[in-house]
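Data from entry.cif: mmCIF, C-alpha atoms
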data_entry
loop_
_atom_site.label_atom_id
_atom_site.label_comp_id
_atom_site.auth_asym_id
_atom_site.auth_seq_id
_atom_site.Cartn_x
_atom_site.Cartn_y
_atom_site.Cartn_z
CA MET D 1 95.84 96.15 98.80
CA LYS D 2 93.54 98.85 100.05
CA LYS D 3 90.64 97.59 102.08
CA ARG D 4 87.53 97.67 99.95
CA LYS D 5 83.95 98.27 100.89
CA MET D 6 81.70 95.30 100.19
CA ALA D 7 79.57 95.41 97.09
CA VAL D 8 75.94 96.08 97.92
CA VAL D 9 74.20 93.06 96.48
CA VAL D 10 70.55 92.60 97.39
CA ILE D 11 68.29 89.76 96.25
CA ALA D 12 64.76 91.03 95.69
CA CYS D 13 61.88 89.30 97.42
CA LEU D 14 60.43 87.15 94.67
CA GLY D 15 57.69 85.32 96.57
CA GLY D 16 54.85 87.34 95.10
CA VAL D 17 56.37 87.36 91.64
CA LEU D 18 56.71 83.60 91.58
CA GLY D 19 53.02 83.42 92.35
CA GLY D 20 52.45 84.97 88.93
CA GLY D 21 50.87 88.27 90.01
CA SER D 22 53.53 90.82 89.05
CA ALA D 23 54.91 92.18 85.80
CA ALA D 24 58.18 93.26 87.44
CA PHE D 25 60.06 90.48 85.64
CA ALA D 26 58.27 90.79 82.34
CA GLY D 27 60.10 89.48 79.32
CA THR D 28 60.03 86.78 76.72
CA VAL D 29 60.59 83.17 77.70
CA ALA D 30 63.51 82.82 75.27
CA GLN D 31 65.32 85.92 76.54
CA ASP D 32 64.83 85.03 80.18
CA LEU D 33 65.94 81.45 79.60
CA GLN D 34 69.10 82.63 77.86
CA ALA D 35 69.91 84.97 80.76
CA LEU D 36 69.28 82.19 83.27
CA GLN D 37 71.54 79.77 81.40
CA GLN D 38 74.32 82.36 81.18
CA ALA D 39 74.17 83.02 84.92
CA ASN D 40 74.11 79.28 85.60
CA ALA D 41 77.20 78.72 83.45
CA GLU D 42 79.09 81.34 85.46
CA ILE D 43 77.92 79.80 88.73
CA GLN D 44 79.25 76.41 87.67
CA ALA D 45 82.61 77.88 86.65
CA VAL D 46 83.11 79.75 89.92
CA ALA D 47 81.95 76.80 92.01
CA GLN D 48 84.52 74.61 90.26
CA ASN D 49 87.36 77.12 90.53
CA TRP D 50 86.74 78.16 94.15
CA PRO D 51 88.15 74.98 95.75
CA GLN D 52 91.10 75.09 93.35
CA ILE D 53 92.06 78.55 94.62
CA GLN D 54 91.44 77.37 98.17
CA GLN D 55 93.76 74.39 97.66
CA ALA D 56 96.39 76.60 96.03
CA ALA D 57 96.38 78.86 99.09
CA GLN D 58 96.66 75.87 101.39
CA ALA D 59 99.61 74.56 99.38
CA TYR D 60 101.62 77.61 100.36
CA GLY D 61 101.70 76.20 103.89
CA GLY D 62 104.43 73.88 102.66
CA LEU D 63 106.72 76.90 102.39
CA SER D 64 106.61 77.53 106.13
CA ALA D 65 109.03 74.68 106.87
CA TYR D 66 111.46 76.23 104.40
CA ALA D 67 111.38 79.66 106.03
CA ALA D 68 114.04 78.90 108.64
CA GLN D 69 116.50 77.84 105.93
CA ALA D 70 115.55 80.14 103.09
CA GLY D 71 118.39 80.33 100.64
CA ILE D 72 120.47 77.62 102.34
CA GLY D 73 121.64 74.78 100.14
CA PRO D 74 123.91 71.77 100.73
CA VAL D 75 127.32 71.88 102.38
CA VAL D 76 130.01 70.52 100.06
CA ARG D 77 133.81 70.22 99.98
CA ASN D 78 135.84 71.82 97.24
CA ARG D 79 139.08 70.55 95.76
CA MET D 80 141.09 72.51 98.32
CA GLY D 81 139.45 70.55 101.12
CA TYR D 82 137.45 73.47 102.50
CA GLN D 83 133.78 73.14 103.30
CA GLU D 84 131.50 75.39 101.31
CA GLN D 85 127.99 76.42 102.31
CA CYS D 86 126.05 76.53 99.07
CA HIS D 87 123.29 78.99 98.47
CA ASN D 88 119.95 77.63 97.30
CA ALA D 89 119.67 79.32 93.94
CA TYR D 90 116.58 77.29 93.05
CA TRP D 91 114.34 79.21 95.41
CA ASP D 92 115.96 82.60 94.94
CA ASN D 93 115.29 82.59 91.22
CA GLU D 94 111.63 81.84 91.73
CA ILE D 95 110.82 84.01 94.74
CA PRO D 96 109.33 86.82 92.58
CA GLN D 97 106.93 84.34 90.97
CA LEU D 98 106.02 82.84 94.34
CA VAL D 99 105.36 86.26 95.89
CA THR D 100 103.26 87.52 92.99
CA GLY D 101 101.35 84.24 92.82
CA ALA D 102 100.53 84.38 96.52
CA MET D 103 99.11 87.88 96.17
CA ASN D 104 97.16 86.80 93.09
CA ILE D 105 95.53 84.01 95.08
CA ALA D 106 94.31 86.52 97.65
CA GLY D 107 93.08 88.82 94.89
CA ASP D 108 91.31 85.98 93.08
CA ALA D 109 89.64 84.77 96.28
CA GLU D 110 88.28 88.20 97.15
CA ALA D 111 87.17 88.94 93.59
CA GLN D 112 85.37 85.63 93.20
CA ALA D 113 83.56 86.10 96.51
CA TYR D 114 82.15 89.43 95.40
CA ALA D 115 81.47 88.23 91.84
CA MET D 116 79.60 85.14 93.02
CA GLN D 117 77.30 87.37 95.05
CA ALA D 118 76.32 89.31 91.94
CA ILE D 119 75.97 86.15 89.82
CA ALA D 120 73.85 84.33 92.40
CA THR D 121 71.62 87.39 92.58
CA ALA D 122 71.35 87.42 88.79
CA TRP D 123 70.39 83.74 88.68
CA ALA D 124 67.62 84.27 91.25
CA GLN D 125 66.24 87.23 89.34
CA ASP D 126 66.48 85.44 86.01
CA ALA D 127 64.66 82.40 87.41
CA GLY D 128 61.87 84.66 88.63
CA ASN D 129 61.76 86.42 85.27
CA LEU D 130 61.45 83.12 83.43
CA LEU D 131 58.69 81.73 85.65
CA ASP D 132 56.75 84.98 85.40
CA ALA D 133 57.12 85.06 81.60
CA GLU D 134 55.97 81.45 81.31
CA VAL D 135 52.92 82.17 83.45
CA GLN D 136 52.05 85.21 81.35
CA GLN D 137 52.35 83.15 78.19
CA ASP D 138 50.37 80.31 79.79
CA ALA D 139 53.29 78.03 79.00
CA GLN D 140 52.88 76.20 82.29
CA ALA D 141 49.08 76.04 82.40
CA GLN D 142 48.99 72.33 81.70
CA ASN D 143 52.13 71.41 83.66
CA PRO D 144 51.22 69.72 86.96
CA ASN D 145 54.82 70.13 88.18
CA PHE D 146 54.84 73.90 87.93
CA SER D 147 54.03 74.47 91.61
CA THR D 148 56.83 72.09 92.56
CA VAL D 149 59.29 74.04 90.41
CA GLN D 150 58.08 77.26 92.02
CA THR D 151 58.79 75.83 95.44
CA GLN D 152 62.22 74.62 94.39
CA VAL D 153 63.15 78.01 92.97
CA ASN D 154 61.97 79.69 96.18
CA GLN D 155 64.21 77.35 98.16
CA GLU D 156 67.16 78.11 95.91
CA ILE D 157 66.59 81.83 96.36
CA ALA D 158 66.75 81.32 100.12
CA ALA D 159 69.98 79.35 99.62
CA ALA D 160 71.36 82.22 97.54
CA ASN D 161 70.65 84.65 100.36
CA ALA D 162 72.49 82.41 102.83
CA LEU D 163 75.40 81.89 100.44
CA ASN D 164 75.72 85.60 99.79
CA GLY D 165 76.05 86.24 103.50
CA MET D 166 78.96 83.79 103.66
CA LEU D 167 80.55 85.26 100.55
CA SER D 168 80.28 88.74 102.04
CA THR D 169 82.09 87.51 105.14
CA VAL D 170 84.94 85.83 103.28
CA GLY D 171 85.36 88.79 100.92
CA ASN D 172 85.65 91.11 103.90
CA GLN D 173 88.02 88.73 105.66
CA VAL D 174 90.44 88.57 102.73
CA ALA D 175 90.22 92.33 102.19
CA ALA D 176 90.93 93.01 105.87
CA ALA D 177 93.72 90.44 106.04
CA THR D 178 95.60 92.00 103.13
CA GLY D 179 94.63 95.60 103.76
CA PRO D 180 96.67 98.54 105.05
CA SER D 181 96.47 97.13 108.59
CA PRO D 182 96.81 93.46 107.75
CA ASN D 183 95.77 90.71 110.11
CA LEU D 184 98.44 88.52 108.54
CA HIS D 185 102.22 88.80 108.67
CA SER D 186 103.66 92.07 107.47
CA LEU D 187 105.60 91.59 104.24
CA PRO D 188 109.14 93.05 104.06
CA ILE D 189 108.34 94.69 100.72
CA SER D 190 106.77 98.00 99.81
CA ASN D 191 104.25 99.38 97.32
CA TRP D 192 102.44 96.08 96.96
CA THR D 193 98.88 95.38 95.93
CA ALA D 194 96.98 92.12 95.53
CA ALA D 195 94.90 91.73 92.39
CA ILE D 196 93.47 89.13 90.03
CA GLY D 197 96.13 87.08 88.27
CA ASP D 198 97.63 83.66 87.55
CA TYR D 199 99.13 81.73 90.45
CA PRO D 200 101.70 78.92 90.81
CA ASN D 201 100.62 75.31 91.00
CA LEU D 202 102.92 74.34 93.85
CA ALA D 203 101.85 70.71 93.61
CA ALA D 204 103.55 70.53 90.20
CA VAL D 205 106.78 72.36 91.05
CA GLN D 206 109.96 70.71 89.83
CA TRP D 207 113.47 71.62 90.98
CA ASN D 208 115.91 70.30 88.42
CA ALA D 209 119.49 69.77 89.59
CA GLY D 210 122.29 70.76 87.22
CA PRO D 211 126.10 70.81 86.92
CA SER D 212 128.39 72.74 89.27
CA ASP D 213 129.14 75.51 86.84
CA GLY D 214 127.59 78.70 88.08
CA ALA D 215 125.81 78.57 91.42
CA PRO D 216 126.52 81.27 93.99
CA ILE D 217 129.65 80.26 95.91
CA GLY D 218 130.68 80.38 99.54
CA TRP D 219 133.84 81.84 101.06
CA TYR D 220 136.46 80.52 103.40
CA MET D 221 135.37 80.82 107.06
CA ASP D 222 132.17 82.53 105.84
CA GLN D 223 134.10 85.76 105.28
CA ILE D 224 133.07 87.94 102.33
CA PRO D 225 136.24 89.19 100.56
CA VAL D 226 137.21 92.81 100.97
CA ASN D 227 138.63 93.04 97.45
CA ASP D 228 138.71 91.12 94.20
CA GLU D 229 142.20 89.75 94.91
CA PHE D 230 140.93 87.49 97.68
CA PRO D 231 141.10 83.90 96.40
CA ARG D 232 137.63 82.56 96.07
CA LEU D 233 136.73 78.95 96.62
CA VAL D 234 136.31 76.57 93.72
CA ASP D 235 132.65 76.48 92.71
CA VAL D 236 131.23 73.05 93.47
CA CYS D 237 127.69 73.98 94.41
CA PRO D 238 124.93 72.38 92.37
CA THR D 239 123.00 74.61 90.02
CA GLY D 240 119.93 73.89 87.99
CA THR D 241 116.57 75.25 86.98
CA ALA D 242 113.12 75.47 88.52
CA SER D 243 109.82 74.85 86.79
CA ILE D 244 106.67 76.25 88.39
CA PRO D 245 103.61 75.87 86.16
CA GLU D 246 100.80 78.35 86.72
CA GLU D 247 97.03 78.15 86.93
CA SER D 248 95.14 80.64 84.76
CA ASP D 249 92.98 83.41 86.19
CA ALA D 250 90.59 83.15 83.21
CA THR D 251 87.73 81.80 85.32
CA THR D 252 88.03 84.62 87.84
CA LEU D 253 88.15 87.26 85.10
CA SER D 254 85.11 85.75 83.42
CA ALA D 255 83.17 85.69 86.69
CA VAL D 256 84.06 89.30 87.47
CA GLN D 257 83.07 90.45 83.99
CA MET D 258 79.74 88.65 84.30
CA GLY D 259 79.24 90.03 87.80
CA GLU D 260 79.93 93.58 86.62
CA GLN D 261 77.28 93.21 83.93
CA GLU D 262 74.74 92.31 86.60
CA GLU D 263 76.04 94.67 89.29
CA PRO D 264 78.04 97.63 87.90
CA ASP D 265 79.11 98.68 91.41
CA LEU D 266 81.17 95.50 91.55
CA ALA D 267 83.80 97.25 89.42
CA GLN D 268 84.55 99.53 92.38
CA VAL D 269 85.28 96.77 94.88
CA VAL D 270 87.13 94.01 93.01
CA PRO D 271 90.89 94.13 92.40
CA SER D 272 92.30 95.45 89.16
CA VAL D 273 92.02 92.98 86.29
CA SER D 274 94.63 94.55 84.04
CA SER D 275 98.02 93.42 85.27
CA GLY D 276 97.68 91.22 88.33
CA SER D 277 99.43 91.79 91.65
CA THR D 278 102.46 94.04 91.90
CA TRP D 279 105.16 94.55 94.51
CA THR D 280 108.51 96.27 94.93
CA ALA D 281 111.56 94.28 96.00
CA PRO D 282 113.93 95.53 98.71
CA THR D 283 116.48 98.06 97.52
CA ILE D 284 119.22 95.43 97.63
CA PHE D 285 117.81 92.10 96.54
CA ASP D 286 121.02 90.10 96.54
CA PRO D 287 121.54 86.73 98.26
CA TYR D 288 125.03 87.69 99.46
CA TYR D 289 123.84 90.52 101.70
CA ALA D 290 122.59 89.73 105.19
CA ALA D 291 119.80 92.29 105.10
CA ASP D 292 118.45 90.84 101.89
CA TYR D 293 118.83 87.31 103.22
CA GLN D 294 116.58 88.26 106.14
CA ALA D 295 114.05 89.85 103.77
CA ARG D 296 113.97 86.63 101.78
CA VAL D 297 113.38 84.62 104.95
CA GLN D 298 110.54 86.90 105.98
CA LEU D 299 108.95 86.74 102.55
CA VAL D 300 108.91 82.97 102.47
CA GLN D 301 107.72 82.80 106.06
CA ALA D 302 104.82 85.15 105.38
CA LEU D 303 103.76 83.13 102.34
CA GLY D 304 103.98 79.87 104.25
CA TYR D 305 101.91 81.01 107.21
CA ASP D 306 99.47 83.49 105.70
CA LEU D 307 98.13 81.86 102.55
CA PRO D 308 96.67 78.87 104.45
CA GLN D 309 94.74 81.43 106.49
CA VAL D 310 93.15 82.67 103.26
CA ALA D 311 92.26 79.03 102.53
CA ARG D 312 90.60 78.78 105.95
CA TYR D 313 88.52 81.85 105.17
CA MET D 314 87.31 80.16 101.98
CA ALA D 315 86.67 76.70 103.44
CA PRO D 316 83.26 77.34 105.10
CA VAL D 317 81.90 78.64 101.79
CA THR D 318 82.95 75.68 99.63
CA GLY D 319 80.21 73.22 100.57
CA ALA D 320 77.41 75.78 100.42
CA MET D 321 78.62 77.07 97.07
CA GLN D 322 78.83 73.62 95.53
CA SER D 323 75.38 72.71 96.83
CA PHE D 324 73.93 75.94 95.46
CA ALA D 325 75.63 75.40 92.10
CA GLN D 326 74.35 71.83 91.83
CA THR D 327 70.75 72.85 92.55
CA ALA D 328 70.98 75.89 90.27
CA ASP D 329 72.15 73.64 87.45
CA GLN D 330 69.34 71.14 88.01
CA LEU D 331 66.68 73.84 88.14
CA THR D 332 68.09 75.57 85.07
CA GLN D 333 67.83 72.32 83.14
CA THR D 334 64.30 71.74 84.46
CA LEU D 335 63.14 75.22 83.51
CA ALA D 336 64.74 74.86 80.07
CA SER D 337 63.01 71.52 79.44
CA ASN D 338 59.62 72.96 80.36
#
Encoded form (structure tokens):
Amino acid sequence: MKKRKMAVVVIACLGGVLGGGSAAFAGTVAQDLQALQQANAEIQAVAQNWPQIQQAAQAYGGLSAYAAQAGIGPVVRNRMGYQEQCHNAYWDNEIPQLVTGAMNIAGDAEAQAYAMQAIATAWAQDAGNLLDAEVQQDAQAQNPNFSTVQTQVNQEIAAANALNGMLSTVGNQVAAATGPSPNLHSLPISNWTAAIGDYPNLAAVQWNAGPSDGAPIGWYMDQIPVNDEFPRLVDVCPTGTASIPEESDATTLSAVQMGEQEEPDLAQVVPSVSSGSTWTAPTIFDPYYAADYQARVQLVQALGYDLPQVARYMAPVTGAMQSFAQTADQLTQTLASN
């Protein structure tokens, strides 16, 4: 993924506006309330999805222990009495999904960081618009709590500024980590790009064992035959299927679309939303070839060690984002009830 410049997202100073002396946020109460509620809904969705993406990235750390034995299955004896080193077909069949999903997690994390900046900015502006419109319509003239609400909104705007600084940092971290000069492990694949997309739920993976009727087979003394006449060993390796359910990227797409409405420049810095992450496999992607075996080991190793790093980038933001979302929701409800 090409390293992206950070979206320029600036929260306007609303102190004077919230005092009721400016027409900069003029508008009707109904329109401003609707805009505020829309921004709040997006904030809640991103705040809920952020830790899920973080946990999904962390879950890839479980693949690191597998890296040293990628592709290796059980050792069994065939009917001729020879030992046979089985190949782990379960993982091989799912490696493309695991690779794409890992890249999608990075793309989702970066996109949501930038989108949340735009949405938090929109909420702050919409809250100022609504308070200003209510003052102009004298809707709060008899409300003794109005000054308290003003203070609370001012505090939330300050929290938005702080949160946006953290989001800018994590967005840049993910972009740099997966950029042309990555801080993470170099992947043994070419022409790859991380973008928004669905990702595997590794906590729900199921490897289902099956009959010994088609798994890749081993060869006597680990020697690959030089011609088809070489007697192959009887196939006794277990086969089966793998089930890896995926988490939808719908929340990320929704957040990005909302963010682009508020900040059009966001479209230039978030990953593509059309097809998700893409990558090109090695020229020979076959478990029987040593070069490809090593590529498979490196792929799994990179996923196992690098994705938890993305999770660590996201971790410092989680608490601040959830706190901001909770307060934004409370203030939105308060402003709506007034």
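Between Ala295 in chain D and the residues D:Ala194, D:Ala35, D:Ile95, D:Ala315, the shortest atom-to-atom distance, using all atoms listed in the file, involves D:Ile95.
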#### Entry: Nearest residue to Glu260 in chain D from the set D:Leu167, D:Ala160, D:Ile53, D:Ala122 (distances using all atoms listed in the file)
D:Ala122
Distance query 12 Å from (91.7, 81.7, 105.1) using all atoms listed in the file, result as a compact mmCIF listing (two decimals) with C-alpha atoms, keeping the file's coordinate frame:
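out_23.txt was written with the following content:
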# COMPACT_ATOMS: atom_id res chain seq x y z
CA ILE D 53 92.06 78.55 94.62
CA GLN D 54 91.44 77.37 98.17
CA GLN D 55 93.76 74.39 97.66
CA ALA D 56 96.39 76.60 96.03
CA ALA D 57 96.38 78.86 99.09
CA GLN D 58 96.66 75.87 101.39
CA TYR D 60 101.62 77.61 100.36
CA GLY D 61 101.70 76.20 103.89
CA ILE D 105 95.53 84.01 95.08
CA ALA D 106 94.31 86.52 97.65
CA ALA D 109 89.64 84.77 96.28
CA GLU D 110 88.28 88.20 97.15
CA THR D 169 82.09 87.51 105.14
CA VAL D 170 84.94 85.83 103.28
CA GLY D 171 85.36 88.79 100.92
CA ASN D 172 85.65 91.11 103.90
CA GLN D 173 88.02 88.73 105.66
CA VAL D 174 90.44 88.57 102.73
CA ALA D 175 90.22 92.33 102.19
CA ALA D 176 90.93 93.01 105.87
CA ALA D 177 93.72 90.44 106.04
CA THR D 178 95.60 92.00 103.13
CA ASN D 183 95.77 90.71 110.11
CA LEU D 184 98.44 88.52 108.54
CA TYR D 305 101.91 81.01 107.21
CA ASP D 306 99.47 83.49 105.70
CA LEU D 307 98.13 81.86 102.55
CA PRO D 308 96.67 78.87 104.45
CA GLN D 309 94.74 81.43 106.49
CA VAL D 310 93.15 82.67 103.26
CA ALA D 311 92.26 79.03 102.53
CA ARG D 312 90.60 78.78 105.95
CA TYR D 313 88.52 81.85 105.17
CA MET D 314 87.31 80.16 101.98
CA ALA D 315 86.67 76.70 103.44
CA PRO D 316 83.26 77.34 105.10
CA VAL D 317 81.90 78.64 101.79
CA THR D 318 82.95 75.68 99.63
### Query
D:Asn104, D:Thr332, D:Gln34, D:Thr121: which is nearest Asp249 in chain D, counting all atoms listed in the file?
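Of D:Asn104, D:Thr332, D:Gln34, D:Thr121, the one nearest Asp249 in chain D, counting all atoms listed in the file, is D:Asn104.
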### Query
Using all atoms listed in the file, which residue out of D:Thr278, D:Ser243, D:Gln37, D:Gln117 lies closest to Leu163 in chain D?
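For Leu163 in chain D, the nearest of the candidates is D:Gln117.
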### Task
Pick out the closest residue to Asp132 in chain D from this set: D:Leu299, D:Ile189, D:Leu335, D:Ala45. Count all atoms listed in the file.
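Once distances to Asp132 in chain D are computed over all atoms listed in the file, the minimum belongs to D:Leu335.
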### Query
Of the candidates D:Thr100, D:Ser337, D:Gln125, D:Gln150, which shows the shortest atom-to-atom distance to Gly276 in chain D, using all atoms listed in the file?
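Closest candidate: D:Thr100.
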### Task
Just give me the gap between CA of Thr193 in chain D and CA of Gln48 in chain D in Å, one decimal is fine.
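Straight-line distance from CA of Thr193 in chain D to CA of Gln48 in chain D works out to 25.9 Å.
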Contacts of Asp198 in chain D at 12 Å or less, counting only C-alpha atoms, minus same-chain residues fewer than 6 places along, as a CSV table (one decimal) with C-alpha atoms, in the coordinates of the input?
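What landed in result-v9.csv:
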chain,number,residue,atom,x,y,z
D,53,ILE,CA,92.1,78.6,94.6
D,56,ALA,CA,96.4,76.6,96.0
D,97,GLN,CA,106.9,84.3,91.0
D,98,LEU,CA,106.0,82.8,94.3
D,99,VAL,CA,105.4,86.3,95.9
D,100,THR,CA,103.3,87.5,93.0
D,101,GLY,CA,101.4,84.2,92.8
D,102,ALA,CA,100.5,84.4,96.5
D,103,MET,CA,99.1,87.9,96.2
D,104,ASN,CA,97.2,86.8,93.1
D,105,ILE,CA,95.5,84.0,95.1
D,106,ALA,CA,94.3,86.5,97.6
D,107,GLY,CA,93.1,88.8,94.9
D,108,ASP,CA,91.3,86.0,93.1
D,109,ALA,CA,89.6,84.8,96.3
D,244,ILE,CA,106.7,76.2,88.4
D,245,PRO,CA,103.6,75.9,86.2
D,246,GLU,CA,100.8,78.4,86.7
D,247,GLU,CA,97.0,78.2,86.9
D,248,SER,CA,95.1,80.6,84.8
D,249,ASP,CA,93.0,83.4,86.2
D,250,ALA,CA,90.6,83.2,83.2
D,251,THR,CA,87.7,81.8,85.3
D,252,THR,CA,88.0,84.6,87.8
D,253,LEU,CA,88.2,87.3,85.1
D,273,VAL,CA,92.0,93.0,86.3
D,274,SER,CA,94.6,94.6,84.0
D,275,SER,CA,98.0,93.4,85.3
D,276,GLY,CA,97.7,91.2,88.3
D,277,SER,CA,99.4,91.8,91.6
### Message
Can you measure CA of Met258 in chain D to CA of Glu42 in chain D for me? One decimal in Å is fine.
### Response
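CA of Met258 in chain D sits 7.4 Å away from CA of Glu42 in chain D.
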### Query
To one decimal place, how far is CA of Phe324 in chain D from CA of Leu33 in chain D in Å?
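A separation of 18.6 Å between them.
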All residues 10 Å or closer to Ala41 in chain D, only C-alpha atoms, same chain fewer than 2 positions away omitted, as a PDB file with C-alpha atoms, keeping the file's coordinate frame:
ATOM      1  CA  ALA D  35      69.910  84.970  80.760  1.00  0.00           C
ATOM      2  CA  LEU D  36      69.280  82.190  83.270  1.00  0.00           C
ATOM      3  CA  GLN D  37      71.540  79.770  81.400  1.00  0.00           C
ATOM      4  CA  GLN D  38      74.320  82.360  81.180  1.00  0.00           C
ATOM      5  CA  ALA D  39      74.170  83.020  84.920  1.00  0.00           C
ATOM      6  CA  ILE D  43      77.920  79.800  88.730  1.00  0.00           C
ATOM      7  CA  GLN D  44      79.250  76.410  87.670  1.00  0.00           C
ATOM      8  CA  ALA D  45      82.610  77.880  86.650  1.00  0.00           C
ATOM      9  CA  VAL D  46      83.110  79.750  89.920  1.00  0.00           C
ATOM     10  CA  ALA D  47      81.950  76.800  92.010  1.00  0.00           C
ATOM     11  CA  ILE D 119      75.970  86.150  89.820  1.00  0.00           C
ATOM     12  CA  TRP D 123      70.390  83.740  88.680  1.00  0.00           C
ATOM     13  CA  ALA D 255      83.170  85.690  86.690  1.00  0.00           C
ATOM     14  CA  ALA D 325      75.630  75.400  92.100  1.00  0.00           C
ATOM     15  CA  ALA D 328      70.980  75.890  90.270  1.00  0.00           C
ATOM     16  CA  ASP D 329      72.150  73.640  87.450  1.00  0.00           C
ATOM     17  CA  THR D 332      68.090  75.570  85.070  1.00  0.00           C
TER      18      THR D 332
END
### Message
Running the PyMOL selection byres ((chain D and resi 191) around 7) on this model by hand, what would come out? Give it as a list in words.
### Response
Ser190, Trp192, Thr193, Trp279 and Thr280 of chain D
Selection file, C-alpha atoms, as an mmCIF file, in the frame of the given file:
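Heads up, here's the output in again00.cif:
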data_model
loop_
_atom_site.group_PDB
_atom_site.id
_atom_site.type_symbol
_atom_site.label_atom_id
_atom_site.label_comp_id
_atom_site.auth_asym_id
_atom_site.auth_seq_id
_atom_site.Cartn_x
_atom_site.Cartn_y
_atom_site.Cartn_z
ATOM 1 C CA SER D 190 106.770 98.000 99.810
ATOM 2 C CA TRP D 192 102.440 96.080 96.960
ATOM 3 C CA THR D 193 98.880 95.380 95.930
ATOM 4 C CA TRP D 279 105.160 94.550 94.510
ATOM 5 C CA THR D 280 108.510 96.270 94.930
#
Since the input is missing atoms for range 93-104 of chain D, could you rebuild it with N, CA, C and O atoms and give the result as a short mmCIF file (atom, residue, chain, number, x, y, z; two decimals), in the frame of the given file?
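Output contents, as saved in rebuild.cif:
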data_model
loop_
_atom_site.label_atom_id
_atom_site.label_comp_id
_atom_site.auth_asym_id
_atom_site.auth_seq_id
_atom_site.Cartn_x
_atom_site.Cartn_y
_atom_site.Cartn_z
N ASN D 93 115.69 82.22 92.58
CA ASN D 93 115.29 82.59 91.22
C ASN D 93 113.79 82.65 91.05
O ASN D 93 113.28 83.33 90.16
N GLU D 94 113.07 81.92 91.90
CA GLU D 94 111.63 81.84 91.73
C GLU D 94 110.84 82.63 92.77
O GLU D 94 109.62 82.67 92.70
N ILE D 95 111.53 83.27 93.71
CA ILE D 95 110.82 84.01 94.74
C ILE D 95 109.87 85.06 94.16
O ILE D 95 108.73 85.19 94.61
N PRO D 96 110.28 85.84 93.13
CA PRO D 96 109.33 86.82 92.58
C PRO D 96 108.03 86.18 92.10
O PRO D 96 106.94 86.72 92.33
N GLN D 97 108.13 85.02 91.44
CA GLN D 97 106.93 84.34 90.97
C GLN D 97 106.08 83.85 92.14
O GLN D 97 104.85 83.93 92.12
N LEU D 98 106.75 83.33 93.18
CA LEU D 98 106.02 82.84 94.34
C LEU D 98 105.31 83.97 95.08
O LEU D 98 104.18 83.81 95.54
N VAL D 99 105.96 85.12 95.19
CA VAL D 99 105.36 86.26 95.89
C VAL D 99 104.16 86.78 95.10
O VAL D 99 103.07 86.98 95.65
N THR D 100 104.36 87.02 93.81
CA THR D 100 103.26 87.52 92.99
C THR D 100 102.09 86.54 92.97
O THR D 100 100.93 86.94 93.08
N GLY D 101 102.41 85.25 92.84
CA GLY D 101 101.35 84.24 92.82
C GLY D 101 100.56 84.21 94.10
O GLY D 101 99.33 84.05 94.09
N ALA D 102 101.23 84.38 95.24
CA ALA D 102 100.53 84.38 96.52
C ALA D 102 99.55 85.55 96.60
O ALA D 102 98.40 85.40 97.04
N MET D 103 100.00 86.71 96.16
CA MET D 103 99.11 87.88 96.17
C MET D 103 97.94 87.69 95.20
O MET D 103 96.81 88.11 95.47
N ASN D 104 98.23 87.04 94.06
CA ASN D 104 97.16 86.80 93.09
C ASN D 104 96.09 85.88 93.66
O ASN D 104 94.90 86.04 93.37
#
